[in-house]
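For reference, the structure is listed below as structure tokens.
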Amino acid sequence: MSRHPHPGDPAFLRGLIQPRMRGPLTGRRDVLRLFGAAGAGLALAACGVQGQGGKDKVSQSDVQKFWAGKAKNGTLNWANWPGYMEEDRATIKAFTQATGIKVDYKEVIQENAEWFGKIEAPLRAGQSIDFDLMVMSNGIQLEKARQLGYLAPLDHSKLPNFAKNAGPSYKNPSYDPGNAFTIPYTSGVTGIAYNTKYVKEEITSISALWDSQYKGKIGMMADSQELGNFGMFAVGVDPEKSTPADWQKAADKLREQRSLVRKYYTQDYADAISKGDVWITMAWSGDVYSLGLDDVKFVVPQEGGTIWTDNMCIPKTAANPVDALTLMDWLYDPRANATLTEYINYITPVPAAQEIIKQDAAQAKGAEKAELERLAASSLVFPTQQDMARLRRYRTLTQDEESEYQKVFNPISQGS
Amino acid sequence: MRRRLTPYLMILPAGLWLVVFFAVPLIMMASLSLQQGNLVDGFQQTFHWQNYTEGLSTYGDKVVRSLWYGLLGTVACIVIAYPVAYWIAFHAGDRKSTYLFLLLLPFFVSFILRTVSWKFVLADNGIVLGTLKGWGLLPEGFHVLQTSFAVIAGLAYNFLPFMVLPIYVALERIDYRVIEAAKDLYAGRVQAFVRVVLPLSLPGVFAGVIMTFVPISADYVNAAILGGPQNTMIGNVIQTEYFNNSNYPTASALSFTLMAILLVGIFLYARVLGTKDVLEAAGR
Amino acid sequence: MTTTTAPAAAKAPARRRVPRKGLGLRIYTWAVIAWLVLPIAVMILFGFNDTSSKFNFEWEGFTLKWYAQLFDREDLTTALINSITIALASTVITTVLGTLVGLALGRYSFRGKGVSNLVLFAAISSPELVMGASLLSMFVTLNTPRGYATILVSHVMFSIAFVAMTVRARAVGLDPSIEEAARDLGAGPWTTFRLVTLPLIMPGVISGALLAFALSIDDFIITNFTSGSTVTFPLWVWGSTRTGTPPQVNVMGTLLFAAGVLIAVLNMVASRRRARRG
């Protein structure tokens, strides 16, 4: 609509009305001629869209080839998710002070699928996406980016901190064997958040999201993997081991729920639950923690929750890959990582950070001390073995499986 | 000879621009809508008509809903706009342009921002509903956002001026003496309106319908910001298929279907109405 | 707007006898205006909200700090600058191309005029969604990276027809004898155009240019399809609906609103003067 006029000028309006009513539409021959021209053009359009697949294996020579002749430039453009950095960007400032690399930091990613849609075309054409470092979740889009050869192979000789300090479960993950293209930024849990002002019971089961007394006040996520996982939990299936038949069952279960659902959210569920537009919703652990609202509680349902990892990776067209790699490794320094974790409240891949946070807490005073102690003891940030046992990982999908998976779950958030 | 070439030379640059960035893309989209494949292996032209049949069997109801919302939004616009245009044309005296200007004020705020502002105004505990709930006039769970009412109201809000102005222009052109003549011939107020004013203003209404129905039916911003899962319009589906799922063939097929329905609709509508004597007279 | 007042004045004697009735309709009109203005008022108001949370939602007192910190969010500022420069560039290109078409259609009769009119009609009445989707299809097929250039190109595309229509409406009303007189007095075609035709169609060209600017700076749907990773103001606002819209957006909206109203009022006053003189 915005393309429509400021129709303030009646001369313009008359201009518009007159031809409509009398002028161009009376000429049938004109219409035919136009279609004729269009038909001729169809011949031109018989070409397809090129594929780019088959580059997900890297050898040592690929790594050398990519990094040969690349040097530190002193600047870095970083694309990240909202809430993944202190408001005052303290971590970045510390990094700049330590390394002299200036960082242009933007919180431009709100959904993996949408982000991938944005960067897909330039990367396909081998053009810059204006970012040297980006953070993507382990999931369908990261897998695609890897297969399409859009990511720079990491030079692990430049990642000593990662080798030394990363927790064992963050090394060599199934979605990126050998950390060939990615290393974790942080991990988090998808569970249920609810507002105790309106929800008077203690929520423990995922079935609360199907409870008709909360009709119109239930939020779900639009992301097909997040949504699908919760559908599978609800029908008692472990998403990681699910079969296409399970997906169908889960989809049916999710359709049952649809008339109760207020909206299928991306990042905006946080806005909705803090305003009271929804009372109970699927949520990411760290978001809820950093909303800092006393009324909003987060639980991992007894049927299960998902644990995911957001990963740092370098697009193959990055202008400053060395600077990006420097930052990636620097964040694995326990001191640097502790500062970041104290703010973003997600699960850090650097276990040693917990000790530092405890030390920080010992030195801090008053409210800050309490906050840091809460953090160091929080099972959301440092999950216990018992919590971990309830958490499930995303299923890795092959290209064919992915098409089928998308066909099953995508239409649900569209209301079909 | 040169004189005869002049108009063609004047049209050439804009014409080329429209061919390259308007006509050719439509053809490319038509081609893409028949291809098959995925992002990794690429898409090949296989004249896969199932993109249309499968797309429509999954999302056909969204197409219908979009047209339905388009209809409701357009009717809402007519109902709201006609009395306003009538009053300004016949009763606003010297202040006509001031009133028209007031009606245009929303256009000085970005379309997205206007809609976001409505979301804010209508929030469950926002300035309107929150206040009413505070007074106990509404139950706690009552909400307007994510209902079809919110979406249609938002659409009507955003497109209202396109309806007011054409109707106003048509009414304003009516010579009041025609109405007086009708009254002299013993027509009552209602009769004078129905037999004289209304027919003379219809071209404005018809123009307004074209200017509102098409953009309303193809909108996805209002449904995305103000609507919920029961209000998804075809525009939302197309957008998601392009951006989130990179399912270009299905997205293209759906866009093409939408365009075909709307364009055929407009052309039929304009042809049917365009030949009437009334319109010929009023169009002058 | 001014052209509507001129004929009204001419018909004044007949009009004055119109009964000053319609109180009900007057109230109705004001109610509609209030409805139209409500979200704008709220937008302006919450640009002054001294909010402390991430979400600008509850009224927490009056402040001017968001005006002082207007450009604190770098990416938002970049988006605004992108919007303005794209709108300016698009306006210049569109006005030149569109004026030529408008003149050709208004002043000449030639074979293919019908098709040209039809193309303009199609360009105006095609849904934005379809235009955006088809441009994206083309860029995907041709492997064109999307960004600033593709946004600009698409804005020119959808504005041309509007400028052409506006200029044509003005050109159709011109008296051909004026141009003939100029030629009889020995003026060449270029001189005639520059000194006679162009000044006569100028009001149409100016409204067309303003229209093109307004269309471009406000466009969301087509831009969303052709933008790639370049962000304009409407796109930024759209993105921010997910994470909480900061008060700076309200402030920028308020300032753009004020500037737009000011330009419109000035334009109105200027053309009223022109009408009085002419």
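In the structure tokens, each chain is lettered A, B, ... as it comes, each chain's residues begin at 1, and ligands are numbered from 1 in order of appearance.
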Counting only C-alpha atoms, which residues of chain B come no farther than 7 Å from chain A, as a ChimeraX atom specification?
/B:27-28,31,39-45,58-59,107,111,123-125,146,166,169,207,215,228-230,232,237,243-246,270-271,274,279-280,283
Would you write out those residues with C-alpha atoms, as an mmCIF file, in the first residue's frame?
data_model
loop_
_atom_site.group_PDB
_atom_site.id
_atom_site.type_symbol
_atom_site.label_atom_id
_atom_site.label_comp_id
_atom_site.auth_asym_id
_atom_site.auth_seq_id
_atom_site.Cartn_x
_atom_site.Cartn_y
_atom_site.Cartn_z
ATOM 1 C CA ILE B 27 7.799 -13.900 -16.680
ATOM 2 C CA MET B 28 10.677 -15.165 -14.556
ATOM 3 C CA SER B 31 8.912 -19.801 -15.054
ATOM 4 C CA LEU B 39 18.328 -24.872 -2.648
ATOM 5 C CA VAL B 40 21.270 -27.257 -2.423
ATOM 6 C CA ASP B 41 20.808 -29.005 -5.766
ATOM 7 C CA GLY B 42 19.236 -26.019 -7.525
ATOM 8 C CA PHE B 43 15.880 -25.690 -9.255
ATOM 9 C CA GLN B 44 15.204 -27.118 -12.734
ATOM 10 C CA GLN B 45 12.455 -26.297 -15.177
ATOM 11 C CA THR B 58 -2.550 -26.549 1.181
ATOM 12 C CA TYR B 59 -3.094 -22.814 1.099
ATOM 13 C CA PHE B 107 -0.035 9.182 5.326
ATOM 14 C CA PHE B 111 2.744 2.471 7.025
ATOM 15 C CA ALA B 123 -2.483 -4.442 23.495
ATOM 16 C CA ASP B 124 -4.253 -6.666 26.036
ATOM 17 C CA ASN B 125 -3.168 -4.501 28.935
ATOM 18 C CA GLN B 146 -4.854 -11.607 16.905
ATOM 19 C CA PRO B 166 -12.116 9.411 -5.032
ATOM 20 C CA VAL B 169 -13.772 14.094 -5.969
ATOM 21 C CA ALA B 207 -12.313 3.986 -8.336
ATOM 22 C CA PRO B 215 -3.750 -3.737 -1.899
ATOM 23 C CA GLY B 228 -2.878 -14.539 14.751
ATOM 24 C CA PRO B 229 -2.816 -18.061 13.306
ATOM 25 C CA GLN B 230 -6.509 -17.853 12.369
ATOM 26 C CA THR B 232 -3.031 -15.725 8.066
ATOM 27 C CA VAL B 237 2.325 -17.534 3.280
ATOM 28 C CA PHE B 243 12.175 -15.992 2.932
ATOM 29 C CA ASN B 244 12.045 -18.701 5.538
ATOM 30 C CA ASN B 245 11.673 -21.854 3.520
ATOM 31 C CA SER B 246 13.397 -20.828 0.280
ATOM 32 C CA ALA B 270 -13.444 -2.160 -15.148
ATOM 33 C CA ARG B 271 -14.874 -3.509 -18.396
ATOM 34 C CA GLY B 274 -16.401 1.112 -17.810
ATOM 35 C CA LEU B 279 -19.664 6.622 -15.875
ATOM 36 C CA GLU B 280 -18.931 8.150 -19.235
ATOM 37 C CA GLY B 283 -15.767 10.668 -15.964
#
Can you write out as a tab-separated table which residues of chain B fall within 6 Å of chain C, alongside each residue's closest atom pair and its distance in Å to one decimal, counting only C-alpha atoms and ordering rows by chain and ascending residue number?
residue	atom	partner	partner_atom	distance
B:Pro7	CA	C:Ala104	CA	5.0
B:Met10	CA	C:Leu100	CA	5.2
B:Ile11	CA	C:Val101	CA	5.0
B:Ala14	CA	C:Leu97	CA	5.3
B:Pro25	CA	C:Ser134	CA	4.9
B:Leu26	CA	C:Ser134	CA	5.2
B:Met28	CA	C:Met138	CA	5.5
B:Met29	CA	C:Ser134	CA	5.1
B:Val84	CA	C:Thr29	CA	5.2
B:Ser97	CA	C:Met1	CA	5.9
B:Phe108	CA	C:Phe257	CA	5.0
B:Val109	CA	C:Phe257	CA	5.5
B:Ser110	CA	C:Asp218	CA	5.3
B:Ser117	CA	C:Pro39	CA	5.4
B:Trp118	CA	C:Pro39	CA	5.8
B:Pro215	CA	C:Pro127	CA	5.6
B:Ser255	CA	C:Val130	CA	5.8
Those in range 56-242 of chain A with strand (DSSP E or B) from DSSP, as an NGL selection string:
:A and (75-79 or 102-106 or 133-137 or 151 or 182-195 or 218-221)
Please produce an output containing N, CA and C atoms for each residue in the selection, written as a short mmCIF file (atom, residue, chain, number, x, y, z; two decimals), in the first residue's frame.
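Final output, result-v9.cif:
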data_model
loop_
_atom_site.label_atom_id
_atom_site.label_comp_id
_atom_site.auth_asym_id
_atom_site.auth_seq_id
_atom_site.Cartn_x
_atom_site.Cartn_y
_atom_site.Cartn_z
N THR A 75 39.38 -4.55 11.89
CA THR A 75 37.94 -4.29 12.02
C THR A 75 37.19 -5.60 11.86
N LEU A 76 35.94 -5.58 12.34
CA LEU A 76 35.16 -6.81 12.35
C LEU A 76 33.68 -6.45 12.38
N ASN A 77 32.89 -7.04 11.47
CA ASN A 77 31.45 -6.84 11.48
C ASN A 77 30.77 -8.11 11.95
N TRP A 78 29.96 -7.98 12.99
CA TRP A 78 29.44 -9.15 13.68
C TRP A 78 27.93 -9.10 13.69
N ALA A 79 27.28 -10.13 13.19
CA ALA A 79 25.81 -10.23 13.23
C ALA A 79 25.41 -11.19 14.33
N LYS A 102 38.50 -3.23 16.07
CA LYS A 102 37.23 -2.52 16.26
C LYS A 102 36.08 -3.40 15.77
N VAL A 103 35.01 -3.44 16.55
CA VAL A 103 33.89 -4.32 16.21
C VAL A 103 32.64 -3.51 15.91
N ASP A 104 32.07 -3.76 14.75
CA ASP A 104 30.75 -3.20 14.44
C ASP A 104 29.74 -4.31 14.71
N TYR A 105 29.01 -4.15 15.81
CA TYR A 105 28.17 -5.24 16.31
C TYR A 105 26.70 -4.94 16.04
N LYS A 106 26.00 -5.84 15.37
CA LYS A 106 24.58 -5.60 15.07
C LYS A 106 23.72 -6.79 15.48
N LEU A 133 31.28 -12.31 10.86
CA LEU A 133 31.03 -13.31 11.89
C LEU A 133 29.53 -13.32 12.12
N MET A 134 28.96 -14.52 12.21
CA MET A 134 27.52 -14.60 12.49
C MET A 134 27.26 -15.77 13.42
N VAL A 135 26.10 -15.73 14.06
CA VAL A 135 25.75 -16.74 15.05
C VAL A 135 24.48 -17.44 14.59
N MET A 136 24.58 -18.75 14.35
CA MET A 136 23.41 -19.51 13.90
C MET A 136 23.22 -20.75 14.76
N SER A 137 21.96 -21.13 14.97
CA SER A 137 21.66 -22.31 15.78
C SER A 137 21.95 -23.58 15.00
N LEU A 151 30.30 -21.47 4.35
CA LEU A 151 31.05 -21.15 5.57
C LEU A 151 32.54 -21.37 5.36
N THR A 182 32.25 -24.40 12.69
CA THR A 182 31.62 -23.61 13.75
C THR A 182 32.22 -23.94 15.11
N ILE A 183 32.18 -22.96 16.01
CA ILE A 183 32.37 -23.28 17.42
C ILE A 183 31.23 -22.59 18.19
N PRO A 184 30.80 -23.19 19.31
CA PRO A 184 29.62 -22.66 20.00
C PRO A 184 29.85 -21.24 20.56
N TYR A 185 28.77 -20.45 20.49
CA TYR A 185 28.76 -19.16 21.18
C TYR A 185 28.14 -19.37 22.56
N THR A 186 27.00 -20.03 22.55
CA THR A 186 26.32 -20.30 23.80
C THR A 186 25.27 -21.37 23.53
N SER A 187 24.77 -21.97 24.60
CA SER A 187 23.68 -22.92 24.45
C SER A 187 22.50 -22.45 25.27
N GLY A 188 21.34 -22.98 24.95
CA GLY A 188 20.17 -22.61 25.72
C GLY A 188 19.13 -23.71 25.67
N VAL A 189 18.11 -23.51 26.46
CA VAL A 189 17.07 -24.50 26.58
C VAL A 189 15.76 -23.90 26.11
N THR A 190 15.01 -24.68 25.34
CA THR A 190 13.65 -24.25 25.01
C THR A 190 12.70 -24.94 25.98
N GLY A 191 11.95 -24.16 26.71
CA GLY A 191 11.01 -24.70 27.68
C GLY A 191 9.75 -23.87 27.68
N ILE A 192 9.13 -23.76 28.84
CA ILE A 192 7.88 -23.01 28.96
C ILE A 192 8.08 -21.85 29.92
N ALA A 193 7.63 -20.67 29.50
CA ALA A 193 7.60 -19.53 30.42
C ALA A 193 6.15 -19.22 30.73
N TYR A 194 5.85 -18.85 31.97
CA TYR A 194 4.47 -18.47 32.27
C TYR A 194 4.44 -17.35 33.30
N ASN A 195 3.36 -16.59 33.24
CA ASN A 195 3.22 -15.42 34.09
C ASN A 195 2.36 -15.79 35.29
N ILE A 218 -2.01 -18.50 24.85
CA ILE A 218 -0.90 -19.46 24.72
C ILE A 218 -0.02 -19.05 23.53
N GLY A 219 1.27 -18.99 23.76
CA GLY A 219 2.18 -18.66 22.67
C GLY A 219 3.00 -19.88 22.28
N MET A 220 3.20 -20.07 20.96
CA MET A 220 4.08 -21.13 20.48
C MET A 220 5.11 -20.48 19.55
N MET A 221 6.14 -21.24 19.20
CA MET A 221 7.15 -20.67 18.31
C MET A 221 6.87 -21.04 16.86
#
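Once Phe162 in chain B and its same-chain neighbours fewer than 4 positions away are set aside, B:Pro166, B:Gly208, B:Met211, B:Thr212 remain within 7 Å of it when counting only C-alpha atoms.
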When distances are computed from only C-alpha atoms, which of A:Thr306, A:Thr339, A:Ser61, A:Thr317 shows the smallest separation from Ala152 in chain A?
A:Thr317
I need the helix (DSSP H, G or I) residues of range 20-235 of chain B per DSSP on the backbone, written as a PyMOL selection string.
chain B and resi 20-32+50-91+93-108+111-121+129-134+148-172+176-184+189-217+221-226+229-231+234-235
Okay, now the selection with C-alpha atoms, as a short mmCIF file (atom, residue, chain, number, x, y, z; two decimals), in the first residue's frame?
data_model
loop_
_atom_site.label_atom_id
_atom_site.label_comp_id
_atom_site.auth_asym_id
_atom_site.auth_seq_id
_atom_site.Cartn_x
_atom_site.Cartn_y
_atom_site.Cartn_z
CA VAL B 20 13.14 -4.98 -17.43
CA PHE B 21 11.91 -4.57 -13.85
CA PHE B 22 8.19 -5.15 -14.17
CA ALA B 23 7.37 -7.38 -17.15
CA VAL B 24 10.45 -9.62 -17.27
CA PRO B 25 10.31 -10.40 -13.52
CA LEU B 26 6.70 -11.53 -13.94
CA ILE B 27 7.80 -13.90 -16.68
CA MET B 28 10.68 -15.17 -14.56
CA MET B 29 8.26 -15.74 -11.72
CA ALA B 30 5.95 -17.68 -14.02
CA SER B 31 8.91 -19.80 -15.05
CA LEU B 32 10.08 -20.36 -11.49
CA GLN B 50 1.75 -29.74 -9.21
CA ASN B 51 3.32 -26.65 -7.61
CA TYR B 52 -0.01 -25.01 -8.32
CA THR B 53 -2.28 -27.86 -7.33
CA GLU B 54 -0.30 -28.71 -4.17
CA GLY B 55 0.12 -25.07 -3.21
CA LEU B 56 -3.56 -24.41 -3.61
CA SER B 57 -4.67 -27.54 -1.81
CA THR B 58 -2.55 -26.55 1.18
CA TYR B 59 -3.09 -22.81 1.10
CA GLY B 60 -6.25 -22.33 -0.96
CA ASP B 61 -8.18 -21.33 2.14
CA LYS B 62 -5.69 -18.50 2.65
CA VAL B 63 -6.40 -17.22 -0.84
CA VAL B 64 -10.10 -17.27 -0.09
CA ARG B 65 -9.54 -15.58 3.26
CA SER B 66 -7.46 -12.85 1.62
CA LEU B 67 -10.22 -12.10 -0.88
CA TRP B 68 -12.78 -12.22 1.91
CA TYR B 69 -10.78 -9.79 4.06
CA GLY B 70 -10.29 -7.67 0.95
CA LEU B 71 -14.05 -7.55 0.50
CA LEU B 72 -14.81 -6.82 4.16
CA GLY B 73 -12.07 -4.21 4.38
CA THR B 74 -13.30 -2.52 1.21
CA VAL B 75 -16.91 -2.49 2.40
CA ALA B 76 -15.79 -1.09 5.75
CA CYS B 77 -13.92 1.63 3.88
CA ILE B 78 -16.99 2.54 1.82
CA VAL B 79 -19.24 2.65 4.88
CA ILE B 80 -16.82 4.81 6.81
CA ALA B 81 -15.71 6.99 3.91
CA TYR B 82 -18.91 7.83 2.09
CA PRO B 83 -20.62 9.93 4.80
CA VAL B 84 -17.37 11.73 5.50
CA ALA B 85 -16.78 12.54 1.84
CA TYR B 86 -20.42 13.59 1.50
CA TRP B 87 -20.28 15.93 4.45
CA ILE B 88 -17.03 17.53 3.31
CA ALA B 89 -18.22 17.94 -0.27
CA PHE B 90 -21.55 19.54 0.61
CA HIS B 91 -21.28 20.97 4.11
CA GLY B 93 -17.86 25.22 3.15
CA ASP B 94 -14.52 26.97 2.98
CA ARG B 95 -12.77 24.40 5.12
CA LYS B 96 -12.82 21.60 2.58
CA SER B 97 -9.11 21.41 2.04
CA THR B 98 -8.46 21.54 5.75
CA TYR B 99 -10.70 18.55 6.36
CA LEU B 100 -9.18 16.62 3.48
CA PHE B 101 -5.79 17.36 4.90
CA LEU B 102 -6.83 16.00 8.30
CA LEU B 103 -8.01 12.81 6.63
CA LEU B 104 -4.61 12.47 5.00
CA LEU B 105 -2.60 12.86 8.18
CA PRO B 106 -1.94 9.13 8.59
CA PHE B 107 -0.03 9.18 5.33
CA PHE B 108 2.65 11.26 6.89
CA PHE B 111 2.74 2.47 7.02
CA ILE B 112 4.59 0.03 9.28
CA LEU B 113 4.80 2.51 12.10
CA ARG B 114 1.06 3.22 11.94
CA THR B 115 0.31 -0.46 12.19
CA VAL B 116 2.79 -0.98 15.01
CA SER B 117 1.15 1.91 16.80
CA TRP B 118 -2.24 0.17 16.55
CA LYS B 119 -0.72 -2.97 18.01
CA PHE B 120 0.45 -0.81 20.88
CA VAL B 121 -2.94 0.89 21.34
CA LEU B 129 -8.12 -2.49 26.99
CA GLY B 130 -5.97 -2.19 30.09
CA THR B 131 -7.98 0.79 31.25
CA LEU B 132 -11.30 -0.90 30.59
CA LYS B 133 -10.12 -4.03 32.37
CA GLY B 134 -8.99 -1.88 35.29
CA SER B 148 -9.97 -11.01 12.44
CA PHE B 149 -11.58 -7.84 13.74
CA ALA B 150 -8.16 -6.36 14.52
CA VAL B 151 -6.81 -7.29 11.09
CA ILE B 152 -9.79 -5.94 9.14
CA ALA B 153 -9.91 -2.77 11.24
CA GLY B 154 -6.20 -2.27 10.64
CA LEU B 155 -6.63 -2.78 6.91
CA ALA B 156 -9.57 -0.37 6.77
CA TYR B 157 -7.56 2.17 8.75
CA ASN B 158 -4.54 1.98 6.48
CA PHE B 159 -6.46 2.23 3.23
CA LEU B 160 -9.34 4.53 4.15
CA PRO B 161 -8.00 7.69 2.48
CA PHE B 162 -7.91 5.88 -0.88
CA MET B 163 -11.64 5.50 -0.56
CA VAL B 164 -12.46 8.93 0.82
CA LEU B 165 -10.65 10.91 -1.85
CA PRO B 166 -12.12 9.41 -5.03
CA ILE B 167 -15.62 9.56 -3.54
CA TYR B 168 -15.02 13.13 -2.51
CA VAL B 169 -13.77 14.09 -5.97
CA ALA B 170 -16.87 12.55 -7.58
CA LEU B 171 -19.25 14.23 -5.14
CA GLU B 172 -17.52 17.54 -5.34
CA TYR B 176 -25.77 21.39 -6.54
CA ARG B 177 -28.34 22.83 -8.90
CA VAL B 178 -29.01 19.30 -10.15
CA ILE B 179 -30.09 18.34 -6.68
CA GLU B 180 -32.20 21.44 -6.38
CA ALA B 181 -33.82 20.60 -9.67
CA ALA B 182 -34.71 17.20 -8.30
CA LYS B 183 -36.25 18.80 -5.24
CA ASP B 184 -38.15 21.23 -7.41
CA ARG B 189 -34.35 14.20 0.49
CA VAL B 190 -33.91 10.47 0.40
CA GLN B 191 -35.17 10.23 -3.13
CA ALA B 192 -32.91 13.04 -4.30
CA PHE B 193 -29.98 11.23 -2.76
CA VAL B 194 -30.81 7.80 -4.13
CA ARG B 195 -31.83 8.95 -7.60
CA VAL B 196 -29.37 11.78 -8.18
CA VAL B 197 -26.41 12.02 -5.82
CA LEU B 198 -25.66 8.34 -5.42
CA PRO B 199 -25.53 7.49 -9.14
CA LEU B 200 -23.39 10.52 -9.84
CA SER B 201 -20.93 9.56 -7.11
CA LEU B 202 -20.64 5.89 -8.07
CA PRO B 203 -17.57 6.36 -10.30
CA GLY B 204 -15.75 7.61 -7.23
CA VAL B 205 -16.80 4.55 -5.29
CA PHE B 206 -15.70 2.29 -8.12
CA ALA B 207 -12.31 3.99 -8.34
CA GLY B 208 -11.99 3.71 -4.57
CA VAL B 209 -12.76 0.00 -4.71
CA ILE B 210 -9.91 -0.61 -7.14
CA MET B 211 -7.55 1.45 -5.05
CA THR B 212 -8.39 -0.43 -1.86
CA PHE B 213 -9.46 -3.96 -2.72
CA VAL B 214 -6.25 -4.99 -4.48
CA PRO B 215 -3.75 -3.74 -1.90
CA ILE B 216 -5.90 -4.99 0.99
CA SER B 217 -6.17 -8.49 -0.45
CA VAL B 221 1.70 -6.54 7.21
CA ASN B 222 -1.58 -6.09 9.08
CA ALA B 223 -2.12 -9.83 9.43
CA ALA B 224 1.46 -10.27 10.64
CA ILE B 225 1.36 -7.49 13.22
CA LEU B 226 -2.27 -7.50 14.32
CA PRO B 229 -2.82 -18.06 13.31
CA GLN B 230 -6.51 -17.85 12.37
CA ASN B 231 -5.91 -14.69 10.31
CA ILE B 234 -1.93 -15.50 1.40
CA GLY B 235 0.64 -12.70 1.53
#
Rounded to one decimal in Å, what is the spacing between CA of Asp268 in chain A and CA of Asp246 in chain A?
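Going from CA of Asp268 in chain A over to CA of Asp246 in chain A covers 28.8 Å.
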Proximity to chain C - best of A:Thr309, A:Asn337, A:Thr266, A:Asn172, only C-alpha atoms:
A:Thr266
If we count only C-alpha atoms and set the cut-off at 12 Å, which residues sit around Thr85 in chain C, ignoring sequence neighbours fewer than 6 positions away in its own chain? Please answer as JSON, numbers by chain.
{"C": [78, 79, 91, 92, 148, 149, 151, 152, 155, 213, 216, 217, 232, 233]}
File of the preceding selection, N, CA and C atoms, as a PDB file, in the first residue's frame:
ATOM      1  N   THR C  78      21.623   4.448  10.308  1.00  0.00           N
ATOM      2  CA  THR C  78      21.983   4.009   8.953  1.00  0.00           C
ATOM      3  C   THR C  78      20.735   3.718   8.139  1.00  0.00           C
ATOM      4  N   ALA C  79      19.772   3.054   8.779  1.00  0.00           N
ATOM      5  CA  ALA C  79      18.542   2.706   8.067  1.00  0.00           C
ATOM      6  C   ALA C  79      17.824   3.963   7.599  1.00  0.00           C
ATOM      7  N   THR C  91      13.458   9.627  -6.523  1.00  0.00           N
ATOM      8  CA  THR C  91      12.616  10.745  -6.956  1.00  0.00           C
ATOM      9  C   THR C  91      13.186  11.419  -8.196  1.00  0.00           C
ATOM     10  N   VAL C  92      14.497  11.642  -8.199  1.00  0.00           N
ATOM     11  CA  VAL C  92      15.112  12.322  -9.342  1.00  0.00           C
ATOM     12  C   VAL C  92      14.910  11.497 -10.621  1.00  0.00           C
ATOM     13  N   TYR C 148      21.285  -2.235  -1.866  1.00  0.00           N
ATOM     14  CA  TYR C 148      20.919  -0.847  -2.109  1.00  0.00           C
ATOM     15  C   TYR C 148      20.448  -0.630  -3.551  1.00  0.00           C
ATOM     16  N   ALA C 149      21.218  -1.157  -4.519  1.00  0.00           N
ATOM     17  CA  ALA C 149      20.903  -0.918  -5.932  1.00  0.00           C
ATOM     18  C   ALA C 149      19.569  -1.539  -6.316  1.00  0.00           C
ATOM     19  N   ILE C 151      17.055  -2.150  -4.392  1.00  0.00           N
ATOM     20  CA  ILE C 151      15.967  -1.379  -3.782  1.00  0.00           C
ATOM     21  C   ILE C 151      15.659  -0.159  -4.649  1.00  0.00           C
ATOM     22  N   LEU C 152      16.717   0.553  -5.014  1.00  0.00           N
ATOM     23  CA  LEU C 152      16.546   1.781  -5.801  1.00  0.00           C
ATOM     24  C   LEU C 152      15.821   1.491  -7.116  1.00  0.00           C
ATOM     25  N   HIS C 155      12.189   0.827  -6.568  1.00  0.00           N
ATOM     26  CA  HIS C 155      11.409   2.017  -6.210  1.00  0.00           C
ATOM     27  C   HIS C 155      11.103   2.856  -7.446  1.00  0.00           C
ATOM     28  N   PHE C 213       8.638  10.683  -3.896  1.00  0.00           N
ATOM     29  CA  PHE C 213       9.430  10.674  -2.668  1.00  0.00           C
ATOM     30  C   PHE C 213       8.675   9.963  -1.549  1.00  0.00           C
ATOM     31  N   SER C 216       8.476   6.209  -2.024  1.00  0.00           N
ATOM     32  CA  SER C 216       9.737   5.510  -1.811  1.00  0.00           C
ATOM     33  C   SER C 216      10.089   5.425  -0.326  1.00  0.00           C
ATOM     34  N   ILE C 217       9.958   6.541   0.372  1.00  0.00           N
ATOM     35  CA  ILE C 217      10.441   6.541   1.755  1.00  0.00           C
ATOM     36  C   ILE C 217       9.574   5.662   2.648  1.00  0.00           C
ATOM     37  N   THR C 232      16.296  -0.419   5.430  1.00  0.00           N
ATOM     38  CA  THR C 232      15.730   0.928   5.377  1.00  0.00           C
ATOM     39  C   THR C 232      14.922   1.162   6.656  1.00  0.00           C
ATOM     40  N   PHE C 233      14.447   2.390   6.821  1.00  0.00           N
ATOM     41  CA  PHE C 233      13.727   2.714   8.049  1.00  0.00           C
ATOM     42  C   PHE C 233      12.510   1.804   8.281  1.00  0.00           C
TER      43      PHE C 233
END
For a quick check of understanding, using only C-alpha atoms, which of C:Gly228, C:Gly208, C:Pro199, C:Pro176 has the smallest distance to chain A?
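Using only C-alpha atoms, chain A sits closest to C:Gly228.
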